[in-house]
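For reference, run.cif is printed below; it contains mmCIF, C-alpha atoms.
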```cif
data_final
loop_
_atom_site.label_atom_id
_atom_site.label_comp_id
_atom_site.auth_asym_id
_atom_site.auth_seq_id
_atom_site.Cartn_x
_atom_site.Cartn_y
_atom_site.Cartn_z
CA MET B 1 0.00 0.00 0.00
CA LEU B 2 1.00 3.62 -0.40
CA SER B 3 2.66 5.39 2.49
CA ALA B 4 0.48 8.04 4.14
CA LYS B 5 2.65 10.88 2.83
CA ALA B 6 2.68 9.52 -0.72
CA ALA B 7 -1.09 8.97 -0.65
CA GLU B 8 -1.65 12.58 0.36
CA LEU B 9 0.56 13.91 -2.44
CA VAL B 10 -0.88 11.56 -5.08
CA ARG B 11 -4.42 12.55 -4.09
CA ALA B 12 -3.52 16.24 -4.34
CA THR B 13 -1.80 15.93 -7.72
CA LEU B 14 -3.99 13.28 -9.34
CA PRO B 15 -6.24 15.85 -11.10
CA ALA B 16 -3.23 17.60 -12.65
CA VAL B 17 -1.51 14.36 -13.64
CA GLY B 18 -4.79 12.87 -14.90
CA ALA B 19 -5.52 15.91 -17.05
CA GLU B 20 -2.16 15.55 -18.80
CA LEU B 21 -1.85 11.75 -18.89
CA GLU B 22 -2.34 11.41 -22.63
CA THR B 23 0.25 14.13 -23.27
CA ILE B 24 2.60 12.46 -20.80
CA THR B 25 2.24 9.02 -22.35
CA ALA B 26 2.67 10.42 -25.87
CA ARG B 27 5.93 12.10 -24.79
CA PHE B 28 6.97 8.92 -23.00
CA TYR B 29 6.53 6.67 -26.03
CA ASP B 30 8.14 9.14 -28.43
CA THR B 31 11.29 9.53 -26.36
CA MET B 32 11.54 5.85 -25.40
CA PHE B 33 11.23 4.63 -28.99
CA ALA B 34 13.71 7.25 -30.18
CA ASP B 35 16.32 5.80 -27.81
CA HIS B 36 15.15 2.16 -27.97
CA PRO B 37 13.77 1.49 -31.47
CA GLU B 38 14.32 -2.23 -30.87
CA LEU B 39 11.22 -2.22 -28.64
CA LEU B 40 9.07 -1.72 -31.74
CA ASP B 41 10.54 -4.91 -33.20
CA GLY B 42 8.50 -7.76 -31.78
CA LEU B 43 7.14 -6.14 -28.62
CA PHE B 44 4.95 -3.07 -29.18
CA ASN B 45 2.05 -2.99 -31.64
CA ARG B 46 2.94 -0.17 -34.02
CA GLY B 47 -0.64 -0.03 -35.33
CA ASN B 48 -1.87 0.83 -31.84
CA GLN B 49 0.97 3.33 -31.52
CA ARG B 50 -0.10 5.12 -34.70
CA SER B 51 -3.75 5.22 -33.66
CA GLY B 52 -2.97 6.35 -30.10
CA GLU B 53 -4.88 3.42 -28.57
CA GLN B 54 -1.86 2.10 -26.67
CA ARG B 55 -1.18 5.53 -25.18
CA LYS B 56 -4.77 5.88 -24.00
CA ALA B 57 -4.69 2.38 -22.52
CA LEU B 58 -1.49 3.09 -20.57
CA ALA B 59 -2.90 6.38 -19.29
CA GLY B 60 -6.12 4.67 -18.22
CA ALA B 61 -4.28 1.86 -16.45
CA VAL B 62 -2.00 4.21 -14.48
CA ALA B 63 -4.92 6.41 -13.46
CA ALA B 64 -7.09 3.43 -12.53
CA PHE B 65 -4.32 1.94 -10.41
CA ALA B 66 -3.67 5.21 -8.55
CA VAL B 67 -7.39 5.70 -7.87
CA ALA B 68 -7.69 2.12 -6.63
CA LEU B 69 -4.80 2.63 -4.19
CA LEU B 70 -6.41 5.78 -2.82
CA ASP B 71 -9.96 4.40 -2.61
CA ASN B 72 -9.01 1.05 -1.09
CA PRO B 73 -5.65 1.54 0.61
CA GLY B 74 -5.69 -1.91 2.21
CA GLU B 75 -6.26 -3.79 -1.04
CA ARG B 76 -4.37 -4.39 -4.27
CA PRO B 77 -6.44 -4.17 -7.48
CA ASP B 78 -5.54 -7.65 -8.68
CA ALA B 79 -8.40 -7.85 -11.20
CA LEU B 80 -6.97 -4.82 -13.03
CA LEU B 81 -3.41 -6.08 -12.75
CA ALA B 82 -4.14 -9.64 -13.90
CA ARG B 83 -5.47 -8.46 -17.26
CA ILE B 84 -2.36 -6.32 -17.84
CA ALA B 85 -0.02 -9.11 -16.69
CA HIS B 86 -1.49 -11.60 -19.15
CA LYS B 87 -1.19 -9.07 -21.99
CA HIS B 88 2.46 -8.50 -21.02
CA ALA B 89 3.21 -12.22 -20.84
CA ALA B 90 1.65 -12.73 -24.26
CA VAL B 91 4.27 -10.44 -25.82
CA GLY B 92 7.20 -11.53 -23.66
CA VAL B 93 7.69 -8.51 -21.39
CA THR B 94 10.69 -8.99 -19.06
CA ASP B 95 11.61 -7.49 -15.69
CA ASP B 96 14.37 -5.23 -17.03
CA GLN B 97 11.93 -3.46 -19.34
CA TYR B 98 10.12 -1.99 -16.33
CA VAL B 99 13.31 -0.08 -15.53
CA ILE B 100 13.38 1.35 -19.06
CA VAL B 101 9.71 2.33 -18.87
CA HIS B 102 10.28 3.99 -15.48
CA LYS B 103 13.12 6.13 -16.80
CA TYR B 104 11.18 7.53 -19.76
CA LEU B 105 7.78 7.75 -18.08
CA PHE B 106 9.08 9.88 -15.22
CA ALA B 107 11.12 12.05 -17.55
CA ALA B 108 7.90 12.66 -19.51
CA ILE B 109 5.98 13.55 -16.33
CA ALA B 110 8.63 16.07 -15.33
CA ASP B 111 8.82 17.49 -18.84
CA VAL B 112 5.05 17.97 -19.22
CA LEU B 113 4.21 19.18 -15.70
CA GLY B 114 7.37 21.19 -15.15
CA GLU B 115 7.78 22.90 -11.76
CA ALA B 116 4.67 21.20 -10.38
CA VAL B 117 6.73 18.01 -10.09
CA THR B 118 8.65 18.72 -6.91
CA PRO B 119 11.02 16.05 -5.56
CA GLU B 120 8.31 15.07 -3.05
CA VAL B 121 5.66 14.70 -5.77
CA ALA B 122 8.06 12.70 -7.94
CA ALA B 123 8.81 10.38 -5.03
CA ALA B 124 5.11 9.83 -4.36
CA TRP B 125 4.35 8.87 -7.96
CA ASP B 126 7.52 6.79 -8.01
CA GLU B 127 5.98 4.82 -5.16
CA VAL B 128 2.81 4.28 -7.22
CA TYR B 129 4.81 3.09 -10.21
CA TRP B 130 6.90 0.55 -8.34
CA LEU B 131 3.91 -0.79 -6.44
CA MET B 132 2.26 -1.42 -9.80
CA ALA B 133 5.42 -2.69 -11.49
CA GLY B 134 6.36 -4.94 -8.58
CA ALA B 135 2.92 -6.53 -8.51
CA LEU B 136 2.97 -7.04 -12.29
CA ILE B 137 6.46 -8.55 -12.24
CA ALA B 138 5.36 -11.06 -9.57
CA MET B 139 2.17 -11.92 -11.46
CA GLU B 140 4.01 -12.31 -14.76
CA ALA B 141 6.58 -14.61 -13.14
CA ARG B 142 3.75 -16.90 -12.01
CA ILE B 143 2.10 -16.77 -15.43
CA TYR B 144 5.36 -17.63 -17.19
CA ALA B 145 5.95 -20.50 -14.76
CA GLU B 146 2.48 -21.90 -15.44
CA ALA B 147 3.24 -21.74 -19.17
CA GLY B 148 6.57 -23.50 -18.68
CA ALA B 149 8.47 -20.44 -19.86
CA ARG B 150 11.31 -18.36 -18.43
CA ASP B 151 12.31 -14.77 -19.14
CA GLY B 152 9.51 -14.29 -21.64
CA ARG B 153 10.58 -17.21 -23.84
CA THR B 154 7.18 -18.63 -24.72
CA TRP B 155 7.57 -19.05 -28.48
CA ARG B 156 7.48 -22.16 -30.64
CA ALA B 157 6.71 -23.13 -34.22
CA TRP B 158 3.28 -24.43 -35.28
CA ARG B 159 2.40 -25.86 -38.67
CA VAL B 160 -0.70 -24.82 -40.61
CA ASP B 161 -2.59 -28.06 -41.24
CA GLU B 162 -5.75 -26.46 -42.63
CA ARG B 163 -6.90 -23.07 -43.81
CA ARG B 164 -10.68 -22.61 -43.73
CA GLU B 165 -12.44 -19.64 -45.29
CA GLU B 166 -15.22 -18.86 -42.81
CA THR B 167 -16.59 -15.71 -44.48
CA ALA B 168 -15.36 -13.23 -47.07
CA GLU B 169 -13.28 -11.49 -44.37
CA VAL B 170 -12.60 -14.27 -41.84
CA MET B 171 -10.44 -17.38 -42.05
CA SER B 172 -9.49 -20.07 -39.57
CA LEU B 173 -6.10 -21.73 -39.30
CA VAL B 174 -5.88 -25.21 -37.78
CA LEU B 175 -2.40 -25.62 -36.29
CA SER B 176 -0.30 -28.46 -34.92
CA PRO B 177 2.91 -28.05 -32.88
CA VAL B 178 6.25 -28.63 -34.57
CA GLY B 179 8.59 -30.89 -32.59
CA ASP B 180 8.14 -33.15 -29.60
CA GLN B 181 8.23 -30.60 -26.77
CA PRO B 182 5.11 -30.60 -24.57
CA VAL B 183 2.51 -27.97 -25.36
CA PRO B 184 1.24 -25.75 -22.51
CA ALA B 185 -2.42 -26.40 -21.76
CA ALA B 186 -4.96 -23.86 -22.96
CA ARG B 187 -8.12 -22.84 -21.14
CA PRO B 188 -11.25 -21.96 -23.13
CA GLY B 189 -11.28 -18.21 -23.70
CA GLN B 190 -7.51 -17.70 -23.80
CA TYR B 191 -5.51 -16.22 -26.67
CA VAL B 192 -2.09 -16.68 -28.25
CA SER B 193 0.27 -14.18 -29.82
CA VAL B 194 1.29 -14.73 -33.43
CA ARG B 195 4.69 -13.27 -34.36
CA VAL B 196 5.35 -12.41 -37.99
CA THR B 197 7.99 -10.51 -39.94
CA MET B 198 6.50 -7.67 -41.93
CA PRO B 199 7.68 -6.76 -45.47
CA ASP B 200 9.88 -3.99 -44.02
CA GLY B 201 11.67 -6.51 -41.77
CA VAL B 202 10.08 -5.43 -38.49
CA ARG B 203 8.53 -8.20 -36.40
CA GLN B 204 5.02 -7.59 -35.12
CA LEU B 205 2.81 -9.49 -32.68
CA ARG B 206 -0.95 -9.79 -32.58
CA GLN B 207 -3.18 -11.72 -30.22
CA TYR B 208 -5.84 -14.10 -31.50
CA SER B 209 -8.26 -16.09 -29.37
CA LEU B 210 -8.11 -19.84 -29.62
CA SER B 211 -11.43 -20.60 -31.30
CA GLY B 212 -11.31 -24.38 -31.00
CA HIS B 213 -9.24 -27.52 -30.58
CA ASP B 214 -8.97 -31.11 -31.74
CA ALA B 215 -8.63 -34.25 -29.64
CA ASP B 216 -5.13 -34.78 -31.08
CA GLY B 217 -3.84 -31.49 -29.69
CA ARG B 218 -4.33 -29.28 -32.71
CA ARG B 219 -5.57 -25.74 -32.11
CA ARG B 220 -7.53 -23.25 -34.18
CA ILE B 221 -7.27 -19.49 -34.46
CA THR B 222 -9.75 -17.41 -36.43
CA VAL B 223 -8.52 -14.19 -38.05
CA LYS B 224 -10.59 -11.32 -39.39
CA ARG B 225 -9.12 -9.14 -42.14
CA GLU B 226 -9.88 -5.65 -40.89
CA ARG B 227 -10.92 -3.08 -43.48
CA ARG B 228 -11.95 0.55 -43.36
CA ASP B 229 -13.67 2.02 -46.40
CA GLY B 230 -12.68 -1.10 -48.31
CA VAL B 231 -8.96 -0.67 -47.60
CA PRO B 232 -7.07 -3.24 -45.46
CA GLU B 233 -6.34 -1.77 -42.04
CA GLY B 234 -4.83 -4.44 -39.79
CA GLU B 235 -1.32 -5.05 -41.11
CA VAL B 236 -0.79 -8.43 -39.45
CA SER B 237 -4.25 -9.83 -40.17
CA SER B 238 -3.95 -8.64 -43.78
CA LEU B 239 -0.55 -10.31 -44.12
CA LEU B 240 -1.87 -13.59 -42.71
CA HIS B 241 -4.85 -13.54 -45.06
CA ALA B 242 -2.69 -12.75 -48.07
CA THR B 243 0.21 -15.12 -47.51
CA VAL B 244 -0.48 -18.04 -45.14
CA LYS B 245 -1.18 -21.41 -46.75
CA GLU B 246 -1.36 -25.01 -45.60
CA GLY B 247 2.07 -26.39 -44.74
CA ASP B 248 3.48 -23.03 -43.62
CA GLU B 249 4.89 -22.55 -40.13
CA LEU B 250 3.89 -19.75 -37.77
CA THR B 251 5.48 -18.66 -34.51
CA LEU B 252 3.00 -18.71 -31.62
CA SER B 253 3.25 -17.94 -27.93
CA ALA B 254 1.88 -20.07 -25.15
CA PRO B 255 -1.79 -19.38 -24.31
CA PHE B 256 -2.54 -16.44 -22.03
CA GLY B 257 -5.55 -14.47 -20.83
CA ASP B 258 -7.31 -14.18 -17.48
CA ILE B 259 -10.85 -14.26 -18.90
CA ALA B 260 -11.11 -18.03 -19.24
CA LEU B 261 -14.14 -20.20 -18.57
CA LYS B 262 -14.21 -21.47 -15.01
CA ASP B 263 -15.73 -24.74 -13.89
CA GLY B 264 -18.87 -24.50 -11.78
CA ASP B 265 -22.57 -25.17 -11.76
CA GLU B 266 -23.90 -21.62 -12.25
CA PRO B 267 -25.91 -20.92 -15.41
CA LEU B 268 -23.84 -19.37 -18.18
CA VAL B 269 -24.60 -16.54 -20.59
CA LEU B 270 -22.10 -16.25 -23.46
CA VAL B 271 -22.37 -12.90 -25.27
CA SER B 272 -20.50 -11.83 -28.41
CA ALA B 273 -20.56 -9.62 -31.47
CA GLY B 274 -18.67 -9.98 -34.74
CA ILE B 275 -15.28 -11.65 -34.43
CA GLY B 276 -15.81 -11.65 -30.65
CA CYS B 277 -17.41 -15.04 -31.25
CA THR B 278 -13.97 -16.71 -31.29
CA PRO B 279 -13.42 -17.21 -27.52
CA ILE B 280 -17.13 -18.02 -27.15
CA ALA B 281 -16.77 -20.83 -29.72
CA ALA B 282 -13.89 -22.29 -27.71
CA MET B 283 -15.95 -22.13 -24.52
CA LEU B 284 -18.88 -23.83 -26.25
CA GLN B 285 -16.64 -26.62 -27.51
CA HIS B 286 -15.28 -27.20 -24.01
CA LEU B 287 -18.80 -27.32 -22.55
CA ALA B 288 -20.08 -29.62 -25.29
CA ASP B 289 -17.11 -31.99 -24.96
CA ALA B 290 -17.80 -32.22 -21.22
CA GLY B 291 -21.55 -32.67 -21.67
CA ASP B 292 -22.03 -29.81 -19.23
CA PRO B 293 -25.63 -30.01 -17.90
CA ARG B 294 -26.08 -26.44 -16.71
CA PRO B 295 -28.16 -23.86 -18.61
CA VAL B 296 -26.09 -22.11 -21.28
CA LEU B 297 -27.58 -19.13 -23.14
CA VAL B 298 -25.66 -17.99 -26.24
CA LEU B 299 -26.32 -14.43 -27.47
CA HIS B 300 -24.55 -13.19 -30.61
CA ALA B 301 -24.94 -10.07 -32.77
CA ASP B 302 -23.50 -9.58 -36.25
CA ARG B 303 -23.95 -7.59 -39.45
CA SER B 304 -25.65 -10.44 -41.30
CA ALA B 305 -25.76 -14.23 -41.56
CA ASP B 306 -23.05 -14.06 -44.25
CA HIS B 307 -20.76 -12.09 -41.93
CA HIS B 308 -21.32 -14.42 -38.95
CA ALA B 309 -18.08 -16.39 -38.67
CA LEU B 310 -18.26 -19.80 -36.92
CA ARG B 311 -22.04 -19.69 -37.05
CA ALA B 312 -22.32 -23.41 -37.88
CA ASP B 313 -20.05 -24.26 -34.95
CA MET B 314 -22.03 -22.11 -32.54
CA GLU B 315 -25.32 -23.66 -33.67
CA ARG B 316 -24.01 -27.23 -33.53
CA LEU B 317 -22.24 -26.91 -30.17
CA THR B 318 -25.18 -25.15 -28.52
CA GLY B 319 -27.43 -27.92 -29.83
CA GLU B 320 -25.17 -30.56 -28.27
CA LEU B 321 -25.56 -29.06 -24.79
CA PRO B 322 -28.27 -30.63 -22.62
CA ALA B 323 -29.60 -27.17 -21.67
CA GLY B 324 -28.26 -24.95 -24.43
CA GLU B 325 -30.18 -22.08 -26.04
CA ARG B 326 -29.14 -19.47 -28.55
CA VAL B 327 -30.42 -16.17 -29.93
CA PHE B 328 -28.74 -14.37 -32.85
CA TRP B 329 -29.30 -10.80 -34.06
CA TYR B 330 -28.37 -9.49 -37.53
CA GLU B 331 -28.12 -5.78 -38.17
CA ASN B 332 -29.06 -6.17 -41.83
CA GLY B 333 -32.29 -8.05 -41.11
CA ALA B 334 -33.70 -11.25 -39.67
CA ALA B 335 -32.52 -14.47 -41.31
CA ASP B 336 -32.70 -18.20 -40.58
CA GLY B 337 -34.36 -17.75 -37.21
CA ALA B 338 -32.23 -14.79 -36.17
CA ARG B 339 -33.71 -11.49 -35.01
CA ALA B 340 -33.24 -8.18 -36.78
CA GLY B 341 -31.26 -5.27 -35.38
CA TRP B 342 -28.89 -4.92 -32.44
CA LEU B 343 -28.69 -7.19 -29.42
CA ASN B 344 -31.70 -6.41 -27.24
CA LEU B 345 -32.60 -8.39 -24.13
CA ASP B 346 -36.29 -7.51 -24.22
CA GLY B 347 -38.12 -10.80 -23.96
CA ILE B 348 -34.91 -12.75 -23.23
CA GLU B 349 -35.00 -14.63 -19.94
CA ILE B 350 -31.63 -14.42 -18.22
CA PRO B 351 -31.19 -17.37 -15.81
CA PRO B 352 -31.02 -16.27 -12.15
CA GLY B 353 -27.50 -16.36 -10.75
CA ALA B 354 -25.94 -16.47 -14.22
CA VAL B 355 -22.25 -15.87 -14.87
CA VAL B 356 -21.55 -13.94 -18.09
CA TYR B 357 -18.61 -14.06 -20.47
CA MET B 358 -18.60 -11.60 -23.33
CA CYS B 359 -16.39 -10.40 -26.15
CA GLY B 360 -16.89 -7.76 -28.83
CA SER B 361 -16.31 -4.10 -29.50
CA LEU B 362 -16.28 -1.79 -26.50
CA PRO B 363 -19.51 0.03 -27.45
CA PHE B 364 -21.24 -3.32 -27.86
CA MET B 365 -20.00 -4.63 -24.51
CA ARG B 366 -20.92 -1.45 -22.66
CA SER B 367 -24.47 -1.70 -24.02
CA ALA B 368 -24.72 -5.43 -23.32
CA ARG B 369 -23.33 -5.02 -19.80
CA ALA B 370 -25.87 -2.31 -18.97
CA GLN B 371 -28.71 -4.50 -20.23
CA LEU B 372 -27.46 -7.53 -18.31
CA ILE B 373 -27.21 -5.57 -15.06
CA GLU B 374 -30.72 -4.25 -15.61
CA ALA B 375 -31.82 -7.86 -16.14
CA GLY B 376 -30.48 -8.78 -12.70
CA VAL B 377 -26.93 -10.02 -13.36
CA ALA B 378 -24.48 -8.96 -10.65
CA PRO B 379 -21.68 -6.74 -12.07
CA ARG B 380 -19.05 -8.98 -10.46
CA ASP B 381 -20.37 -11.90 -12.54
CA ILE B 382 -19.83 -10.17 -15.91
CA HIS B 383 -16.43 -10.99 -17.41
CA TYR B 384 -15.20 -9.52 -20.68
CA GLU B 385 -12.30 -9.86 -23.11
CA VAL B 386 -10.96 -6.98 -25.20
CA PHE B 387 -9.04 -7.38 -28.46
CA GLY B 388 -6.10 -4.96 -28.36
CA PRO B 389 -5.47 -2.36 -25.62
CA ASP B 390 -8.11 -2.27 -22.92
CA LEU B 391 -9.48 1.23 -23.47
CA TRP B 392 -12.40 0.42 -21.18
CA LEU B 393 -10.02 1.24 -18.32
CA GLY B 394 -9.72 4.78 -19.56
CA ALA B 395 -13.47 5.30 -19.72
CA ALA B 396 -14.63 3.36 -16.68
#
```
Transcribe the structure of this file into structure tokens.
Amino acid sequence: MLSAKAAELVRATLPAVGAELETITARFYDTMFADHPELLDGLFNRGNQRSGEQRKALAGAVAAFAVALLDNPGERPDALLARIAHKHAAVGVTDDQYVIVHKYLFAAIADVLGEAVTPEVAAAWDEVYWLMAGALIAMEARIYAEAGARDGRTWRAWRVDERREETAEVMSLVLSPVGDQPVPAARPGQYVSVRVTMPDGVRQLRQYSLSGHDADGRRRITVKRERRDGVPEGEVSSLLHATVKEGDELTLSAPFGDIALKDGDEPLVLVSAGIGCTPIAAMLQHLADAGDPRPVLVLHADRSADHHALRADMERLTGELPAGERVFWYENGAADGARAGWLNLDGIEIPPGAVVYMCGSLPFMRSARAQLIEAGVAPRDIHYEVFGPDLWLGAA
């Protein structure tokens, strides 16, 4: 916990720091990458750097952590930290990189806030940083140990056994491990990082949920080719779509992610939109394989039936569950039993005591979460996964 003196100074300066956090993080990244360009090669997502999403996510995380320390001084916000730790492990963050981040982050704070950053104020925020960094380092060490990895070395080669075209913009890759080394177990809902070398020689990583598995140990990822105004936007997903074929090898990390399906007997509600169906499909396969008897309600929204990736899997797996039900919504109109429009819980009976897992865009999940709470679901029982930086932290 924060010392009493540090807590007083952080509380007093939080409005000023919070108001300039995006400027601070922009300065931080610019100066750090200028001195350490190697960090953009295989660690940081340069697409999120260009869009500013990573900067907003860092600002939101720092602010959320500081507020949590002040509001609950006797507790550590492990739920917040666990999500960040899994994201870090998925890209191979190591302990020494926290020292680099500290140097450039605090230089940026001093540069932006100027004389307001007295030695006492700097020391107080230094305390916040190392409380956060120390907790993350400890969590990441445990996560790496569980994955059988050390010092961020979680990578291995996987062979593409099948390429399946799910929709015009979505494909699935069925992968098998290369070599005889044991494969870390994956929990339904987790993701892996895929590391590729771009045409300019820079390595980039992207996370993709595991969308299914085979009994022989093969795994499936499902990749959407992102477009904006008809032009490819996601550089890694576009490269995978354009170049990967059966027989190729890809470099994948061990599975990570704290939003994984937990065993239990509570009713389940699985909510998704668009490509957010991928972790939901993996959860459904796990439940179907186990013959899970509890009520499972599957709610999915998409643009149309043609855009609904893994639809056949979701229908089949839900049908295999003893107490499975599903409702689909299509923005472009009702089709094949689906409803028209956006996800709307009017007339949908949410099982009492249900635990919810959801994945989709942030606007979708905010709307769905509000509807679920209004329907009686406890906020603590709503778990969500975000593709890319967790900007929800910055808006919560």
Find the residues near Glu20 in chain B: any atom within 9 Å, counting all atoms listed in the file, skip ones fewer than 6 places away on the same chain, and give them as a PyMOL selection string.
chain B and resi 109+112-113
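Here, the PyMOL selection byres ((chain B and resi 162-166) around 9) matches Val160, Asp161, Thr167, Ala168, Glu169, Val170, Met171, Ser172, Leu173, Val174, Leu175, Thr222, Val244, Lys245, Glu246, Gly247, His307, His308, Ala309, Leu310 and Arg311 of chain B.
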Saved selection, atoms kept: C-alpha atoms, as a PDB file, in the frame of the given file:
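Result file is selection-v8.pdb:
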```
ATOM      1  CA  VAL B 160      -0.700 -24.820 -40.610  1.00  0.00           C
ATOM      2  CA  ASP B 161      -2.590 -28.060 -41.240  1.00  0.00           C
ATOM      3  CA  THR B 167     -16.590 -15.710 -44.480  1.00  0.00           C
ATOM      4  CA  ALA B 168     -15.360 -13.230 -47.070  1.00  0.00           C
ATOM      5  CA  GLU B 169     -13.280 -11.490 -44.370  1.00  0.00           C
ATOM      6  CA  VAL B 170     -12.600 -14.270 -41.840  1.00  0.00           C
ATOM      7  CA  MET B 171     -10.440 -17.380 -42.050  1.00  0.00           C
ATOM      8  CA  SER B 172      -9.490 -20.070 -39.570  1.00  0.00           C
ATOM      9  CA  LEU B 173      -6.100 -21.730 -39.300  1.00  0.00           C
ATOM     10  CA  VAL B 174      -5.880 -25.210 -37.780  1.00  0.00           C
ATOM     11  CA  LEU B 175      -2.400 -25.620 -36.290  1.00  0.00           C
ATOM     12  CA  THR B 222      -9.750 -17.410 -36.430  1.00  0.00           C
ATOM     13  CA  VAL B 244      -0.480 -18.040 -45.140  1.00  0.00           C
ATOM     14  CA  LYS B 245      -1.180 -21.410 -46.750  1.00  0.00           C
ATOM     15  CA  GLU B 246      -1.360 -25.010 -45.600  1.00  0.00           C
ATOM     16  CA  GLY B 247       2.070 -26.390 -44.740  1.00  0.00           C
ATOM     17  CA  HIS B 307     -20.760 -12.090 -41.930  1.00  0.00           C
ATOM     18  CA  HIS B 308     -21.320 -14.420 -38.950  1.00  0.00           C
ATOM     19  CA  ALA B 309     -18.080 -16.390 -38.670  1.00  0.00           C
ATOM     20  CA  LEU B 310     -18.260 -19.800 -36.920  1.00  0.00           C
ATOM     21  CA  ARG B 311     -22.040 -19.690 -37.050  1.00  0.00           C
TER      22      ARG B 311
END
```
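The spacing separating CA of Ala288 in chain B from CA of Leu321 in chain B amounts to 5.5 Å.
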Could you expand the PyMOL selection byres ((chain B and resi 91) around 8) into the explicit residues it covers here, written as a PyMOL selection string?
chain B and resi 42-43+87-90+92-93+152+193+205+253
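The coordinates place CA of Lys5 in chain B at 13.1 Å from CA of Leu69 in chain B.
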Among the residues B:Val196, B:Gly189, B:Glu349, B:Ala340, the one that comes closest to Pro267 in chain B [using only C-alpha atoms]:
B:Glu349
Which residues would end up in the selection if the PyMOL selection byres ((chain B and resi 29) around 12) were applied here, given that I need the answer as a ChimeraX atom specification?
/B:22-28,30-37,39-40,44,46,48-50,52,54-56,58-59,100-109
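Comparing the minimum interatomic distances between His86 in chain B and each of B:Phe256, B:Tyr144, B:Tyr98, B:Trp125, counting only C-alpha atoms, we find that B:Phe256 sits nearest.
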Distance query Leu250 in chain B at most 8 Å, all atoms listed in the file, self and fewer than 2 positions along chain excluded, as a VMD selection string
chain B and resid 157 to 160 194 to 196 248 252
Serialized selection, C-alpha atoms, as a JSON list (two decimals), in the frame of the given file:
```
[["chain", "number", "residue", "atom", "x", "y", "z"],
["B", 157, "ALA", "CA", 6.71, -23.13, -34.22],
["B", 158, "TRP", "CA", 3.28, -24.43, -35.28],
["B", 159, "ARG", "CA", 2.40, -25.86, -38.67],
["B", 160, "VAL", "CA", -0.70, -24.82, -40.61],
["B", 194, "VAL", "CA", 1.29, -14.73, -33.43],
["B", 195, "ARG", "CA", 4.69, -13.27, -34.36],
["B", 196, "VAL", "CA", 5.35, -12.41, -37.99],
["B", 248, "ASP", "CA", 3.48, -23.03, -43.62],
["B", 252, "LEU", "CA", 3.00, -18.71, -31.62]]
```
Give me the residues within 9 Å of Met283 in chain B as a ChimeraX atom specification, counting all atoms listed in the file and dropping any in the same chain fewer than 6 places off.
/B:187-189,211-212,260-261,270
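Interatomic distance, CA of Val296 in chain B to CA of Ala323 in chain B: 6.2 Å.
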Measuring atom to atom with all atoms listed in the file, identify which of B:Ala85, B:Leu70, B:Ala186, B:Ile350 is nearest to Ala138 in chain B.
B:Ala85
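The smallest atom-to-atom distance between Arg203 in chain B and any of B:Pro352, B:Asn45, B:Asp346, B:Asp78, using all atoms listed in the file, is found for B:Asn45.
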Selected residue of minimal separation from Ala354 in chain B among B:Gly291, B:Gly134, B:Gly264, B:Gly74, counting all atoms listed in the file:
B:Gly264
Could you tell me which of B:Asp41, B:Val17, B:Pro322, B:Arg303 comes closest to Asp200 in chain B if we count only C-alpha atoms?
B:Asp41
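Those residues positioned at most 8 Å from (-3.0, -32.3, -35.6) are Asp161, Val174, Leu175, Ser176, Pro177, Asp214, Asp216, Gly217, Arg218 and Arg219 of chain B, judged using all atoms listed in the file.
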For range 293-301 of chain B, what centre and edge lengths in Å (one decimal) does the axis-aligned box get once 5 Å is added on each side of all its listed atoms, as AutoDock Vina command-line options?
```
--center_x -26.4 --center_y -20.0 --center_z -24.7 --size_x 13.6 --size_y 29.9 --size_z 26.1
```
